[in-house]
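J.: Dumping the structure here so I can ask a few things about it.
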Amino acid sequence: MQLREMRFATIVGTEVTVKVASTAEAKAAIKELRHKKKEVGLLKRRVAAELKRARAAEAKAEKTAERSRKQKGFFAALGRLSSAFSSDDHSEDVERLEKDLVHTEEILHNIDSCIIQLEGKLLA
């Protein structure tokens, strides 16, 4: 996940920090954070769509494996043997995508909290 550089805010992992010196910079930082929030939201939607596809592929692979286990005979045994050596492990993809989704949700939450803090400072 590669995010674009920002002038007033930095994102390290899921931590979002903002450094401003004036009210003008605070207003610009709020605009910058709102734009970053949209960018991360689009990334989250893309990861969610990939996760949905990966879960569907995993379910399809499980159904196929179950069907092949029920088949009998020489050719069924060859099919099971060849599928045992294939590297189609969809569960790793699902786990990775779930972690990415949680990561983006944490970033969005932290961006929201930074926006609220900056708006609170501007009101005071």
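Identifiers in the structure tokens: chain A, B, ... in order shown; residue index from 1 per chain; ligand index from 1 in order shown.
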Tell me, which residues of stretch 10-107 of chain A carry DSSP alpha helix (DSSP H), written as JSON, numbers by chain?
T.: {"A": [23, 24, 25, 26, 27, 28, 29, 30, 31, 32, 33, 34, 35, 36, 37, 38, 39, 40, 41, 42, 43, 44, 45, 46, 47, 48, 49, 50, 51, 52, 53, 54, 55, 56, 57, 58, 59, 60, 61, 62, 63, 64, 65, 66, 67, 68, 69, 70, 74, 75, 76, 77, 78, 79, 80, 81, 82, 83, 84, 90, 91, 92, 93, 94, 95, 96, 97, 98, 99, 100, 101, 102, 103, 104, 105, 106, 107]}
J.: Env of A:Arg34: 10 Å cut, atoms = only C-alpha atoms, seq-sep filter 3 positions within chain, self excluded. Answer as a PyMOL selection string.
T.: chain A and resi 28-31+37-40+108+111-112+115
J.: Between A:Leu118, A:Ala124, A:Gln71, A:Val94, which is the closest to A:Glu25 once you count only C-alpha atoms?
T.: A:Leu118
J.: Just give me the gap between atom CA of A:Ala9 and atom CA of A:Ala48 in Å, one decimal is fine.
T.: 25.6 Å
J.: Any chance you could list, as a PyMOL selection string, the residues in stretch 11-98 of chain A that come up strand (DSSP E or B) when DSSP is run on the backbone?
T.: chain A and resi 11-12+15-18
J.: For A:His90, which residue among A:Lys60, A:Lys19, A:Lys44, A:Lys121 is the nearest when counting only C-alpha atoms?
T.: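 Among the listed residues, A:Lys60 lies closest to A:His90.
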J.: Interatomic distance between atom CA of A:Leu122 and atom CA of A:Ala21?
T.: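 Those two atoms sit 11.9 Å apart.
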J.: Name the residues in contact with stretch 97-106 of chain A at a cut-off of 12 Å, using only C-alpha atoms, excluding same-chain residues fewer than 3 positions from it; report them as JSON, numbers by chain.
T.: {"A": [1, 2, 3, 11, 12, 13, 14, 15, 16, 36, 37, 38, 39, 40, 41, 42, 43, 44, 45, 46, 47, 48, 49, 50, 51, 52, 53, 54, 55, 90, 91, 92, 93, 94, 109, 110, 111, 112, 113]}
J.: I'd like the interatomic distance between atom CA of A:Ala24 and atom CA of A:Phe8, to a tenth of an Å.
T.: 11.4 Å
